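The next block is query16.pdb, given as PDB, C-alpha atoms and all ligand atoms.
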ATOM      1  CA  MET A1349     -19.496  84.907  22.777
ATOM      2  CA  LEU A1350     -21.320  83.427  25.773
ATOM      3  CA  SER A1351     -19.294  80.227  25.393
ATOM      4  CA  SER A1352     -15.943  82.028  25.492
ATOM      5  CA  LEU A1353     -17.052  84.094  28.493
ATOM      6  CA  LEU A1354     -18.003  80.886  30.326
ATOM      7  CA  ARG A1355     -14.675  79.318  29.335
ATOM      8  CA  THR A1356     -12.867  82.257  30.951
ATOM      9  CA  ILE A1357     -14.922  81.879  34.137
ATOM     10  CA  GLU A1358     -14.161  78.156  34.161
ATOM     11  CA  GLN A1359     -10.416  78.743  33.927
ATOM     12  CA  GLY A1360     -10.579  81.470  36.580
ATOM     13  CA  PHE A1361     -12.195  79.278  39.236
ATOM     14  CA  GLY A1362     -10.303  76.077  38.531
ATOM     15  CA  PRO A1363     -10.606  73.237  41.086
ATOM     16  CA  LEU A1364     -12.992  75.242  43.309
ATOM     17  CA  LEU A1365     -15.576  75.105  40.522
ATOM     18  CA  SER A1366     -15.110  71.365  40.173
ATOM     19  CA  SER A1367     -16.129  70.580  43.767
ATOM     20  CA  ALA A1368     -18.947  73.151  43.693
ATOM     21  CA  SER A1369     -20.329  71.566  40.546
ATOM     22  CA  ASP A1370     -20.183  68.074  42.093
ATOM     23  CA  ILE A1371     -22.201  69.325  45.071
ATOM     24  CA  ALA A1372     -24.739  71.166  42.885
ATOM     25  CA  PHE A1373     -25.184  68.076  40.691
ATOM     26  CA  LEU A1374     -25.646  65.802  43.728
ATOM     27  CA  ILE A1375     -28.195  68.151  45.349
ATOM     28  CA  GLY A1376     -30.055  68.399  42.025
ATOM     29  CA  VAL A1377     -30.255  64.598  41.661
ATOM     30  CA  LEU A1378     -31.314  64.151  45.308
ATOM     31  CA  MET A1379     -34.068  66.784  45.040
ATOM     32  CA  LEU A1380     -35.308  65.192  41.835
ATOM     33  CA  ALA A1381     -35.382  61.789  43.540
ATOM     34  CA  TYR A1382     -37.269  63.342  46.459
ATOM     35  CA  VAL A1383     -39.895  64.982  44.216
ATOM     36  CA  ILE A1384     -40.506  61.637  42.479
ATOM     37  CA  LEU A1385     -40.291  59.326  45.506
ATOM     38  CA  ALA A1386     -42.025  61.354  48.248
ATOM     39  CA  PRO A1387     -45.536  61.412  46.686
ATOM     40  CA  SER A1388     -45.144  57.759  45.628
ATOM     41  CA  ILE A1389     -44.360  56.746  49.219
ATOM     42  CA  ARG A1390     -47.242  58.915  50.488
ATOM     43  CA  ILE A1391     -49.703  57.140  48.190
ATOM     44  CA  PHE A1392     -48.356  53.771  49.335
ATOM     45  CA  VAL A1393     -48.815  54.663  53.034
ATOM     46  CA  GLU A1394     -52.314  56.080  52.410
ATOM     47  CA  MET A1395     -53.338  52.905  50.580
ATOM     48  CA  GLN A1396     -52.179  50.811  53.517
ATOM     49  CA  ALA A1397     -54.020  53.090  55.981
ATOM     50  CA  ALA A1398     -57.199  52.832  53.883
ATOM     51  CA  ASN A1399     -56.830  49.036  53.830
ATOM     52  CA  VAL A1400     -57.011  48.805  57.622
ATOM     53  CA  GLY A1401     -59.865  51.345  57.712
ATOM     54  CA  ILE A1402     -58.117  54.521  58.895
ATOM     55  CA  SER A1403     -59.631  57.668  57.403
ATOM     56  CA  ARG A1404     -58.928  61.339  57.866
ATOM     57  CA  GLU A1405     -61.871  63.356  59.259
ATOM     58  CA  TRP A1406     -62.507  66.758  60.811
ATOM     59  CA  ILE A1407     -63.733  66.366  64.378
ATOM     60  CA  MET A1408     -65.024  68.765  67.067
ATOM     61  CA  HIS A1409     -66.354  68.855  70.593
ATOM     62  CA  CYS A1410     -70.157  69.062  70.722
ATOM     63  CA  VAL A1411     -71.135  71.724  73.261
ATOM     64  CA  SER A1412     -74.368  69.899  74.037
ATOM     65  CA  CYS A1413     -73.358  66.250  74.694
ATOM     66  CA  ARG A1414     -69.583  66.952  75.141
ATOM     67  CA  ARG A1415     -68.556  64.094  72.869
ATOM     68  CA  MET A1416     -66.171  64.175  69.907
ATOM     69  CA  THR A1417     -68.231  64.258  66.749
ATOM     70  CA  VAL A1418     -67.156  63.909  63.137
ATOM     71  CA  VAL A1419     -67.976  67.066  61.193
ATOM     72  CA  SER A1420     -69.704  65.640  58.154
ATOM     73  CA  ALA A1421     -73.091  67.354  58.402
ATOM     74  CA  SER A1422     -74.205  70.510  60.211
ATOM     75  CA  GLU A1423     -75.460  68.565  63.269
ATOM     76  CA  CYS A1424     -73.784  66.486  65.987
ATOM     77  CA  GLU A1425     -73.834  62.785  65.003
ATOM     78  CA  TYR A1426     -74.823  61.773  68.596
ATOM     79  CA  CYS A1427     -77.385  64.281  69.887
ATOM     80  CA  GLY A1428     -78.321  66.181  66.720
ATOM     81  CA  HIS A1429     -77.299  69.518  68.216
ATOM     82  CA  LYS A1430     -76.594  72.211  65.593
ATOM     83  CA  LEU A1431     -72.823  72.712  65.285
ATOM     84  CA  ASN A1432     -72.885  76.318  63.941
ATOM     85  CA  ILE A1433     -69.738  76.083  61.786
ATOM     86  CA  PRO A1434     -68.908  79.518  60.259
ATOM     87  CA  TRP A1435     -68.890  79.519  56.425
ATOM     88  CA  PRO A1436     -65.168  80.420  56.007
ATOM     89  CA  VAL A1437     -64.324  77.262  57.971
ATOM     90  CA  ARG A1438     -66.711  75.226  55.770
ATOM     91  CA  LEU A1439     -64.994  76.689  52.700
ATOM     92  CA  ARG A1440     -61.567  75.735  54.008
ATOM     93  CA  GLN A1441     -62.761  72.188  54.697
ATOM     94  CA  ALA A1442     -64.073  71.941  51.150
ATOM     95  CA  PHE A1443     -60.642  72.794  49.686
ATOM     96  CA  SER A1444     -58.299  71.101  52.108
ATOM     97  CA  ARG A1445     -57.906  67.351  52.325
ATOM     98  CA  GLY A1446     -59.999  66.507  55.352
ATOM     99  CA  SER A1447     -62.809  64.022  55.202
ATOM    100  CA  GLU A1448     -62.555  62.549  51.745
ATOM    101  CA  PRO A1449     -64.905  59.915  50.282
ATOM    102  CA  HIS A1450     -63.130  56.720  49.228
ATOM    103  CA  TRP A1451     -63.797  57.230  45.488
ATOM    104  CA  LEU A1452     -62.121  60.661  45.643
ATOM    105  CA  GLU A1453     -59.181  59.166  47.504
ATOM    106  CA  VAL A1454     -58.728  56.466  44.843
ATOM    107  CA  THR A1455     -59.098  59.048  42.052
ATOM    108  CA  ARG A1456     -56.435  61.184  43.721
ATOM    109  CA  TRP A1457     -54.039  58.222  43.959
ATOM    110  CA  ILE A1458     -54.411  57.362  40.275
ATOM    111  CA  TYR A1459     -54.210  61.028  39.211
ATOM    112  CA  THR A1460     -51.103  61.661  41.343
ATOM    113  CA  PHE A1461     -49.480  58.457  40.154
ATOM    114  CA  LEU A1462     -50.037  59.378  36.477
ATOM    115  CA  GLY A1463     -48.542  62.807  37.202
ATOM    116  CA  ILE A1464     -45.450  61.207  38.754
ATOM    117  CA  ILE A1465     -45.021  58.886  35.750
ATOM    118  CA  ALA A1466     -45.392  61.778  33.261
ATOM    119  CA  PHE A1467     -42.861  63.879  35.207
ATOM    120  CA  THR A1468     -40.386  60.973  35.390
ATOM    121  CA  LEU A1469     -40.727  60.237  31.660
ATOM    122  CA  ILE A1470     -40.186  63.876  30.666
ATOM    123  CA  THR A1471     -37.150  64.009  32.972
ATOM    124  CA  VAL A1472     -35.568  60.848  31.586
ATOM    125  CA  VAL A1473     -36.199  61.775  27.922
ATOM    126  CA  ALA A1474     -35.009  65.390  28.306
ATOM    127  CA  PHE A1475     -31.849  64.487  30.165
ATOM    128  CA  SER A1476     -30.842  61.579  27.966
ATOM    129  CA  LEU A1477     -31.488  63.477  24.714
ATOM    130  CA  SER A1478     -29.618  66.594  25.848
ATOM    131  CA  GLY A1479     -26.659  64.562  27.107
ATOM    132  CA  ALA A1480     -26.942  66.317  30.469
ATOM    133  CA  TRP A1481     -26.334  63.046  32.361
ATOM    134  CA  SER A1482     -22.714  63.185  31.251
ATOM    135  CA  PRO A1483     -21.541  66.808  31.612
ATOM    136  CA  GLN A1484     -18.273  67.453  29.772
ATOM    137  CA  SER A1485     -16.934  70.282  31.934
ATOM    138  CA  PRO A1486     -17.250  71.428  35.582
ATOM    139  CA  LEU A1487     -19.167  74.539  34.557
ATOM    140  CA  GLU A1488     -21.624  72.507  32.492
ATOM    141  CA  LYS A1489     -22.041  70.140  35.452
ATOM    142  CA  LEU A1490     -22.767  73.111  37.719
ATOM    143  CA  PHE A1491     -25.495  74.440  35.419
ATOM    144  CA  VAL A1492     -26.929  70.954  34.887
ATOM    145  CA  GLY A1493     -27.078  70.585  38.682
ATOM    146  CA  LEU A1494     -28.881  73.918  39.011
ATOM    147  CA  SER A1495     -31.226  72.896  36.173
ATOM    148  CA  LEU A1496     -32.041  69.613  37.956
ATOM    149  CA  LEU A1497     -32.744  71.514  41.151
ATOM    150  CA  THR A1498     -34.966  74.039  39.343
ATOM    151  CA  TRP A1499     -36.777  71.276  37.452
ATOM    152  CA  ALA A1500     -37.389  69.389  40.709
ATOM    153  CA  GLY A1501     -38.802  72.575  42.270
ATOM    154  CA  LEU A1502     -40.955  73.183  39.203
ATOM    155  CA  GLY A1503     -42.286  69.609  39.344
ATOM    156  CA  TRP A1504     -43.133  69.971  43.017
ATOM    157  CA  LEU A1505     -44.946  73.300  42.454
ATOM    158  CA  LEU A1506     -46.873  71.991  39.429
ATOM    159  CA  GLY A1507     -47.966  69.069  41.605
ATOM    160  CA  ARG A1508     -49.440  71.616  44.010
ATOM    161  CA  VAL A1509     -51.048  73.723  41.258
ATOM    162  CA  PHE A1510     -52.777  70.784  39.538
ATOM    163  CA  GLY A1511     -53.068  68.336  42.440
ATOM    164  CA  ILE A1512     -56.315  67.225  44.098
ATOM    165  CA  GLY A1513     -56.746  68.641  47.607
ATOM    166  CA  THR A1514     -53.445  70.525  47.555
ATOM    167  CA  GLY A1515     -54.814  73.934  48.483
ATOM    168  CA  GLY A1516     -57.331  76.689  47.820
ATOM    169  CA  PRO A1517     -57.500  79.031  44.815
ATOM    170  CA  VAL A1518     -55.198  81.646  46.365
ATOM    171  CA  SER A1519     -52.390  79.237  47.206
ATOM    172  CA  ARG A1520     -52.727  77.627  43.745
ATOM    173  CA  LEU A1521     -52.402  81.034  42.107
ATOM    174  CA  ARG A1522     -49.318  81.757  44.226
ATOM    175  CA  ASP A1523     -47.762  78.399  43.273
ATOM    176  CA  ALA A1524     -48.563  79.052  39.594
ATOM    177  CA  VAL A1525     -46.704  82.390  39.747
ATOM    178  CA  PHE A1526     -43.707  80.685  41.385
ATOM    179  CA  SER A1527     -43.873  77.978  38.689
ATOM    180  CA  LEU A1528     -43.578  80.610  35.953
ATOM    181  CA  ALA A1529     -40.574  82.151  37.700
ATOM    182  CA  LEU A1530     -38.913  78.738  38.012
ATOM    183  CA  ALA A1531     -39.651  77.961  34.335
ATOM    184  CA  ALA A1532     -37.827  81.184  33.347
ATOM    185  CA  LEU A1533     -34.940  80.231  35.643
ATOM    186  CA  LEU A1534     -34.840  76.740  34.118
ATOM    187  CA  LEU A1535     -34.608  78.212  30.631
ATOM    188  CA  THR A1536     -31.643  80.322  31.786
ATOM    189  CA  THR A1537     -29.750  77.488  33.495
ATOM    190  CA  THR A1538     -30.264  75.058  30.585
ATOM    191  CA  THR A1539     -29.083  77.710  28.091
ATOM    192  CA  LEU A1540     -25.985  78.301  30.230
ATOM    193  CA  ALA A1541     -25.408  74.541  30.552
ATOM    194  CA  SER A1542     -25.451  74.042  26.788
ATOM    195  CA  ALA A1543     -23.220  77.092  26.251
ATOM    196  CA  ALA A1544     -20.762  75.696  28.811
ATOM    197  CA  ARG A1545     -20.559  72.359  27.003
ATOM    198  CA  PRO A1546     -17.221  72.130  25.189
ATOM    199  CA  VAL A1547     -17.591  71.972  21.411
ATOM    200  CA  GLU A1548     -16.508  68.656  19.990
ATOM    201  CA  GLU A1549     -13.703  68.671  17.458
ATOM    202  CA  THR A1550     -13.464  66.336  14.519
ATOM    203  CA  VAL A1551     -10.345  65.966  12.436
ATOM    204  CA  ILE A1552     -11.633  65.627   8.866
ATOM    205  CA  ALA A1553      -8.307  64.915   7.194
ATOM    206  CA  GLN A1554      -4.579  65.400   7.512
ATOM    207  CA  VAL A1555      -2.567  67.321   4.969
ATOM    208  CA  ARG A1556       1.207  67.124   4.725
ATOM    209  CA  VAL A1557       2.774  70.335   3.490
ATOM    210  CA  ASP A1558       6.267  70.209   2.067
ATOM    211  CA  GLY A1559       7.389  73.569   0.717
ATOM    212  CA  GLN A1560       4.951  74.493  -2.055
ATOM    213  CA  VAL A1561       3.347  71.054  -2.203
ATOM    214  CA  ALA A1562       0.394  69.802  -0.178
ATOM    215  CA  GLN A1563      -0.271  66.092   0.018
ATOM    216  CA  LEU A1564      -3.632  64.540   0.881
ATOM    217  CA  GLY A1565      -3.497  60.783   1.052
ATOM    218  CA  SER A1566      -1.707  59.582  -2.084
ATOM    219  CA  GLU A1567      -2.431  62.726  -4.122
ATOM    220  CA  ALA A1568      -0.524  65.980  -4.107
ATOM    221  CA  ILE A1569      -1.231  69.506  -5.338
ATOM    222  CA  ALA A1570       1.001  72.482  -5.894
ATOM    223  CA  LEU A1571       0.446  75.555  -3.736
ATOM    224  CA  VAL A1572       0.748  79.166  -4.793
ATOM    225  CA  GLY A1573       2.454  81.512  -2.339
ATOM    226  CA  TYR A1574       2.200  79.010   0.545
ATOM    227  CA  GLN A1575      -1.585  79.386   0.518
ATOM    228  CA  LEU A1576      -3.792  76.396   1.135
ATOM    229  CA  GLY A1577      -7.457  76.871   0.249
ATOM    230  CA  LEU A1578     -10.242  75.061   2.034
ATOM    231  CA  GLU A1579     -13.523  74.737   0.163
ATOM    232  CA  TYR A1580     -16.696  73.977   2.091
ATOM    233  CA  VAL A1581     -20.465  74.205   1.857
ATOM    234  CA  HIS A1582     -21.850  76.789   4.219
ATOM    235  CA  VAL A1583     -25.542  76.611   5.136
ATOM    236  CA  GLU A1584     -27.121  79.356   7.174
ATOM    237  CA  HIS A1585     -30.580  80.364   8.298
ATOM    238  CA  ALA A1586     -30.092  83.831   9.758
ATOM    239  CA  PHE A1587     -33.557  84.073  11.326
ATOM    240  CA  ALA A1588     -33.464  80.663  13.044
ATOM    241  CA  GLY A1589     -29.800  81.144  13.982
ATOM    242  CA  PHE A1590     -28.897  77.879  12.247
ATOM    243  CA  ARG A1591     -25.435  77.252  10.771
ATOM    244  CA  TRP A1592     -23.957  74.119   9.282
ATOM    245  CA  VAL A1593     -20.763  73.461   7.360
ATOM    246  CA  ALA A1594     -19.451  70.519   5.364
ATOM    247  CA  PRO A1595     -15.842  70.480   4.121
ATOM    248  CA  LEU A1596     -15.454  69.648   0.424
ATOM    249  CA  ALA A1597     -11.904  70.020  -0.838
ATOM    250  CA  ILE A1598      -8.473  71.539  -0.410
ATOM    251  CA  VAL A1599      -7.493  73.977  -3.122
ATOM    252  CA  GLY A1600      -4.070  74.896  -4.466
ATOM    253  CA  ALA A1601      -3.187  75.064  -8.153
ATOM    254  CA  ARG A1602      -6.060  72.583  -8.502
ATOM    255  CA  ARG A1603      -8.797  71.110  -6.368
ATOM    256  CA  LEU A1604      -8.481  67.915  -4.316
ATOM    257  CA  GLU A1605     -11.648  66.423  -2.812
ATOM    258  CA  LEU A1606     -11.698  65.548   0.856
ATOM    259  CA  PRO A1607     -12.935  62.140   2.021
ATOM    260  CA  MET A1608     -16.656  62.241   2.840
ATOM    261  CA  ASP A1609     -19.066  59.486   3.806
ATOM    262  CA  GLU A1610     -21.905  58.617   1.421
ATOM    263  CA  ARG A1611     -24.705  60.033   3.569
ATOM    264  CA  GLN A1612     -22.974  63.381   4.012
ATOM    265  CA  ARG A1613     -22.202  63.509   0.287
ATOM    266  CA  ARG A1614     -25.897  63.010  -0.526
ATOM    267  CA  VAL A1615     -26.981  65.712   1.974
ATOM    268  CA  THR A1616     -24.392  68.143   0.628
ATOM    269  CA  ASN A1617     -25.336  67.457  -3.012
ATOM    270  CA  PHE A1618     -29.029  67.869  -2.238
ATOM    271  CA  LEU A1619     -28.443  71.204  -0.469
ATOM    272  CA  TRP A1620     -26.240  72.495  -3.272
ATOM    273  CA  ASN A1621     -28.609  71.373  -6.063
ATOM    274  CA  HIS A1622     -31.628  72.938  -4.312
ATOM    275  CA  ALA A1623     -29.826  76.097  -3.189
ATOM    276  CA  GLY A1624     -32.186  78.315  -5.212
ATOM    277  CA  THR A1625     -35.413  76.864  -3.779
ATOM    278  CA  LEU A1626     -33.972  76.771  -0.269
ATOM    279  CA  SER A1627     -32.912  80.409  -0.350
ATOM    280  CA  GLU A1628     -36.561  81.394  -0.928
ATOM    281  CA  ARG A1629     -37.232  79.819   2.464
ATOM    282  CA  GLY A1630     -34.424  81.763   4.109
ATOM    283  CA  LEU A1631     -31.859  78.960   4.029
ATOM    284  CA  VAL A1632     -28.753  80.333   2.331
ATOM    285  CA  VAL A1633     -26.524  77.643   0.807
ATOM    286  CA  ARG A1634     -23.168  78.694  -0.634
ATOM    287  CA  LYS A1635     -19.733  77.340  -1.325
ATOM    288  CA  ARG A1636     -16.847  79.154   0.264
ATOM    289  CA  THR A1637     -13.104  78.871   0.028
ATOM    290  CA  ASP A1638     -10.985  80.135   2.912
ATOM    291  CA  GLN A1639      -7.274  80.649   2.398
ATOM    292  CA  PHE A1640      -4.795  79.561   5.065
ATOM    293  CA  MET A1641      -1.110  80.398   5.257
ATOM    294  CA  VAL A1642       0.998  77.228   5.464
ATOM    295  CA  ARG A1643       4.511  78.657   5.347
ATOM    296  CA  GLU A1644       5.966  75.972   7.626
ATOM    297  CA  SER A1645       6.355  72.483   6.274
ATOM    298  CA  GLY A1646       4.756  69.752   8.367
ATOM    299  CA  LEU A1647       1.535  67.965   9.094
ATOM    300  CA  TYR A1648      -1.699  69.975   9.239
ATOM    301  CA  ALA A1649      -5.144  68.885  10.408
ATOM    302  CA  ILE A1650      -8.425  70.040   8.892
ATOM    303  CA  VAL A1651     -10.625  70.455  11.940
ATOM    304  CA  LEU A1652     -14.406  70.776  12.204
ATOM    305  CA  ARG A1653     -15.388  72.445  15.462
ATOM    306  CA  GLY A1654     -19.118  73.069  15.787
ATOM    307  CA  ASP A1655     -19.907  75.207  12.740
ATOM    308  CA  GLU A1656     -16.333  76.406  12.292
ATOM    309  CA  ILE A1657     -13.867  74.785   9.962
ATOM    310  CA  THR A1658     -10.179  75.483  10.169
ATOM    311  CA  ILE A1659      -6.669  74.229   9.440
ATOM    312  CA  ARG A1660      -4.239  73.723  12.288
ATOM    313  CA  GLN A1661      -0.653  72.660  12.385
ATOM    314  CA  TYR A1662       0.284  69.794  14.678
ATOM    315  CA  ALA A1663       2.514  70.868  17.555
ATOM    316  CA  ASN A1664       4.946  68.003  17.020
ATOM    317  CA  PRO A1665       4.838  66.800  13.429
ATOM    318  CA  SER A1666       4.789  63.016  13.290
TER     319      SER A1666
HETATM  320 ZN    ZN A1701     -73.797  66.314  70.571
END
Rewrite the coordinates I just gave you, this time as structure tokens.
Ligand SMILES: [Zn+2]
Amino acid sequence: MLSSLLRTIEQGFGPLLSSASDIAFLIGVLMLAYVILAPSIRIFVEMQAANVGISREWIMHCVSCRRMTVVSASECEYCGHKLNIPWPVRLRQAFSRGSEPHWLEVTRWIYTFLGIIAFTLITVVAFSLSGAWSPQSPLEKLFVGLSLLTWAGLGWLLGRVFGIGTGGPVSRLRDAVFSLALAALLLTTTTLASAARPVEETVIAQVRVDGQVAQLGSEAIALVGYQLGLEYVHVEHAFAGFRWVAPLAIVGARRLELPMDERQRRVTNFLWNHAGTLSERGLVVRKRTDQFMVRESGLYAIVLRGDEITIRQYANPS
């Protein structure tokens, strides 16, 4: 139902949707590249700065000797005057990335780098397995673009939640809440993207109907009352929302088996032979025969479309 609704939206917007989806996809890819590249470049620059001896420190004016002192202890490093730093400021310094010992800096680089690699790997695997790199329709491309953008945002926020020196407990909590919201949004956009993907059609076989005779390959069967039966195995798991069909034969006065590759034949036979055991686990396996009216003579195609199987007449019989 969602798919047909999306199809209607797609037809309604037409070319406008096409350019919008291109832009959304481009922005998504760019943001993803930014989230991966920006921290990598930052680490690279920090490593170079550390190499020449630049370090980041908190400094302050000493009221006693009037020199700039590094705030590492509670006294001035020149005259030993007590600096009197209030405890909230000390707390902030502890959480924010100010003066950082070299070992912590190196740990942070490695930790951040591993995070970037993990994020990149998950991205590449998820998007190549789901086929999202090659959207089949403008609407799917739009939702893939929005998903990329959301995923990039989620990656950036997770970097802040789990990063070293990326903020105090309150800001981490805030970023964690935003992460959850983005995760929910990501689930929505990916669901919409997969619903917007056009279902692939496979023509299983062609049947030539001539009056009350149907011909499949070199064999022919007689039809009764212009009805052509289509027998198929129907597998369904109602709870998991799983459905699968495999066409078996066309049926008229007798049964004529459809061509099927060896692997599919084995799967189908296994399912049918274990139907009883499988049904105890909620997987219902049954054979069905649908009747189609083929009053007009001509060439018909047996079409598998997702988990639907149907017979369709060719527009111009050849
Ligand atoms: Zn001083």
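In this comparison, which uses only C-alpha atoms and all ligand atoms, the residue of A:Val1518, A:Val1393, A:Ala1386, A:Cys1424 approaching ligand ZN 1701 (chain A) most closely is A:Cys1424.
Residue nearest ligand ZN 1701 (chain A), chosen from A:Arg1653, A:Arg1611, A:His1409, A:His1585 and counting all atoms listed in the file: A:His1409.
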Name the residues, by chain letter and number, that sit within 10 Å of ligand ZN 1701 (chain A) using only C-alpha atoms and all ligand atoms, and give them as a compact mmCIF listing (two decimals) with C-alpha atoms, in the frame of the given file.
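What follows is the written file part_5.txt:
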# COMPACT_ATOMS: atom_id res chain seq x y z
CA MET A 1408 -65.02 68.76 67.07
CA HIS A 1409 -66.35 68.86 70.59
CA CYS A 1410 -70.16 69.06 70.72
CA VAL A 1411 -71.14 71.72 73.26
CA SER A 1412 -74.37 69.90 74.04
CA CYS A 1413 -73.36 66.25 74.69
CA ARG A 1414 -69.58 66.95 75.14
CA ARG A 1415 -68.56 64.09 72.87
CA MET A 1416 -66.17 64.18 69.91
CA THR A 1417 -68.23 64.26 66.75
CA GLU A 1423 -75.46 68.56 63.27
CA CYS A 1424 -73.78 66.49 65.99
CA GLU A 1425 -73.83 62.78 65.00
CA TYR A 1426 -74.82 61.77 68.60
CA CYS A 1427 -77.39 64.28 69.89
CA GLY A 1428 -78.32 66.18 66.72
CA HIS A 1429 -77.30 69.52 68.22
CA LYS A 1430 -76.59 72.21 65.59
CA LEU A 1431 -72.82 72.71 65.28
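Once the PyMOL selection byres (((chain A and resi 1368-1374) around 7) and not hetatm) is applied to the shown structure, the selection contains Leu1364, Leu1365, Ser1366, Ser1367, Ile1375, Gly1376, Val1377, Leu1378, Pro1486, Leu1487, Lys1489, Leu1490, Val1492, Gly1493 and Leu1494 of chain A.
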Let's have the selection written as a PDB file, keeping the file's coordinate frame, with C-alpha atoms.
ATOM      1  CA  LEU A1364     -12.992  75.242  43.309  1.00  0.00           C
ATOM      2  CA  LEU A1365     -15.576  75.105  40.522  1.00  0.00           C
ATOM      3  CA  SER A1366     -15.110  71.365  40.173  1.00  0.00           C
ATOM      4  CA  SER A1367     -16.129  70.580  43.767  1.00  0.00           C
ATOM      5  CA  ILE A1375     -28.195  68.151  45.349  1.00  0.00           C
ATOM      6  CA  GLY A1376     -30.055  68.399  42.025  1.00  0.00           C
ATOM      7  CA  VAL A1377     -30.255  64.598  41.661  1.00  0.00           C
ATOM      8  CA  LEU A1378     -31.314  64.151  45.308  1.00  0.00           C
ATOM      9  CA  PRO A1486     -17.250  71.428  35.582  1.00  0.00           C
ATOM     10  CA  LEU A1487     -19.167  74.539  34.557  1.00  0.00           C
ATOM     11  CA  LYS A1489     -22.041  70.140  35.452  1.00  0.00           C
ATOM     12  CA  LEU A1490     -22.767  73.111  37.719  1.00  0.00           C
ATOM     13  CA  VAL A1492     -26.929  70.954  34.887  1.00  0.00           C
ATOM     14  CA  GLY A1493     -27.078  70.585  38.682  1.00  0.00           C
ATOM     15  CA  LEU A1494     -28.881  73.918  39.011  1.00  0.00           C
TER      16      LEU A1494
END
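Straight-line separation from atom CA of Ala1500 of chain A to atom CA of Gly1479 of chain A: 18.0 Å.
The nearest approach to Leu1652 of chain A among the residues A:Glu1549, A:Leu1606, A:Glu1579, A:Leu1505, with all atoms listed in the file taken into account, belongs to A:Glu1549.
Interatomic distance, atom CA of Val1651 of chain A against atom CA of Gln1575 of chain A: 17.1 Å.
Relative to atom CA of Arg1545 of chain A, atom CA of Ile1659 of chain A is found at 22.5 Å.
Picked by the PyMOL selection byres (((chain A and resi 1433) around 10) and not hetatm) from the coordinates shown: Val1419, Ala1421, Ser1422, Glu1423, Lys1430, Leu1431, Asn1432, Pro1434, Trp1435, Pro1436, Val1437 and Arg1438 of chain A.
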Can you tell me, as a PyMOL selection string, what residues are no more than 6 Å from His1582 of chain A when counting all atoms listed in the file, ignoring any on the same chain fewer than 3 positions away? chain A and resi 1593+1633-1635
Sel. within 12 Å of pt (-23.6, 70.8, -4.6), counting all atoms listed in the file, output as a PyMOL selection string: chain A and resi 1579-1583+1594-1596+1612-1624+1633-1636
Selection dump of the PyMOL selection byres (((chain A and resi 1352) around 12) and not hetatm), as a PyMOL selection string: chain A and resi 1349-1351+1353-1359+1540+1543-1547
Box centre and edge lengths (Å, one decimal), axis-aligned, segment 1561-1566 of chain A plus 8 Å each side, as JSON:
{"center_x": -0.1, "center_y": 65.3, "center_z": -0.6, "size_x": 23.0, "size_y": 27.5, "size_z": 19.3}
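If you measure from each of A:Ala1562, A:Gly1589, A:Thr1625, A:Phe1467 to Arg1602 of chain A using only C-alpha atoms, the closest one turns out to be A:Ala1562.
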Using only C-alpha atoms, which residues sit within 12 Å of Glu1567 of chain A once same-chain residues fewer than 5 positions away are excluded, as a short mmCIF file (atom, residue, chain, number, x, y, z; two decimals) with C-alpha atoms, in the coordinates of the input?
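Listed below is the output, part_17.cif:
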data_model
loop_
_atom_site.label_atom_id
_atom_site.label_comp_id
_atom_site.auth_asym_id
_atom_site.auth_seq_id
_atom_site.Cartn_x
_atom_site.Cartn_y
_atom_site.Cartn_z
CA VAL A 1555 -2.57 67.32 4.97
CA ARG A 1556 1.21 67.12 4.72
CA VAL A 1557 2.77 70.33 3.49
CA VAL A 1561 3.35 71.05 -2.20
CA ALA A 1562 0.39 69.80 -0.18
CA ILE A 1598 -8.47 71.54 -0.41
CA ARG A 1602 -6.06 72.58 -8.50
CA ARG A 1603 -8.80 71.11 -6.37
CA LEU A 1604 -8.48 67.92 -4.32
CA GLU A 1605 -11.65 66.42 -2.81
CA LEU A 1606 -11.70 65.55 0.86
#
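The residue that comes closest to Ile1458 of chain A, out of A:Leu1477, A:Val1551, A:Ile1384, A:Ile1391 and on the basis of all atoms listed in the file, is A:Ile1391.
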Closest of A:Glu1548, A:Ala1524, A:Val1632, A:Met1641 to Gly1577 of chain A, counting only C-alpha atoms, is A:Met1641
Near-Trp1457 of chain A list (12 Å; only C-alpha atoms; drop same-chain fewer than 6 positions) as a list in words: Pro1387, Ser1388, Ile1389, Arg1390, Ile1391, Phe1392, Val1393, Glu1394, Met1395, Ala1398, His1450, Trp1451, Gly1463, Ile1464, Gly1511, Ile1512 and Gly1513 of chain A
So that I can see what lies close to Ala1570 of chain A, please list as a PyMOL selection string the residues with an atom at most 6 Å from it, counting only C-alpha atoms and leaving out residues fewer than 3 positions away in the same chain. chain A and resi 1560-1561+1600-1601
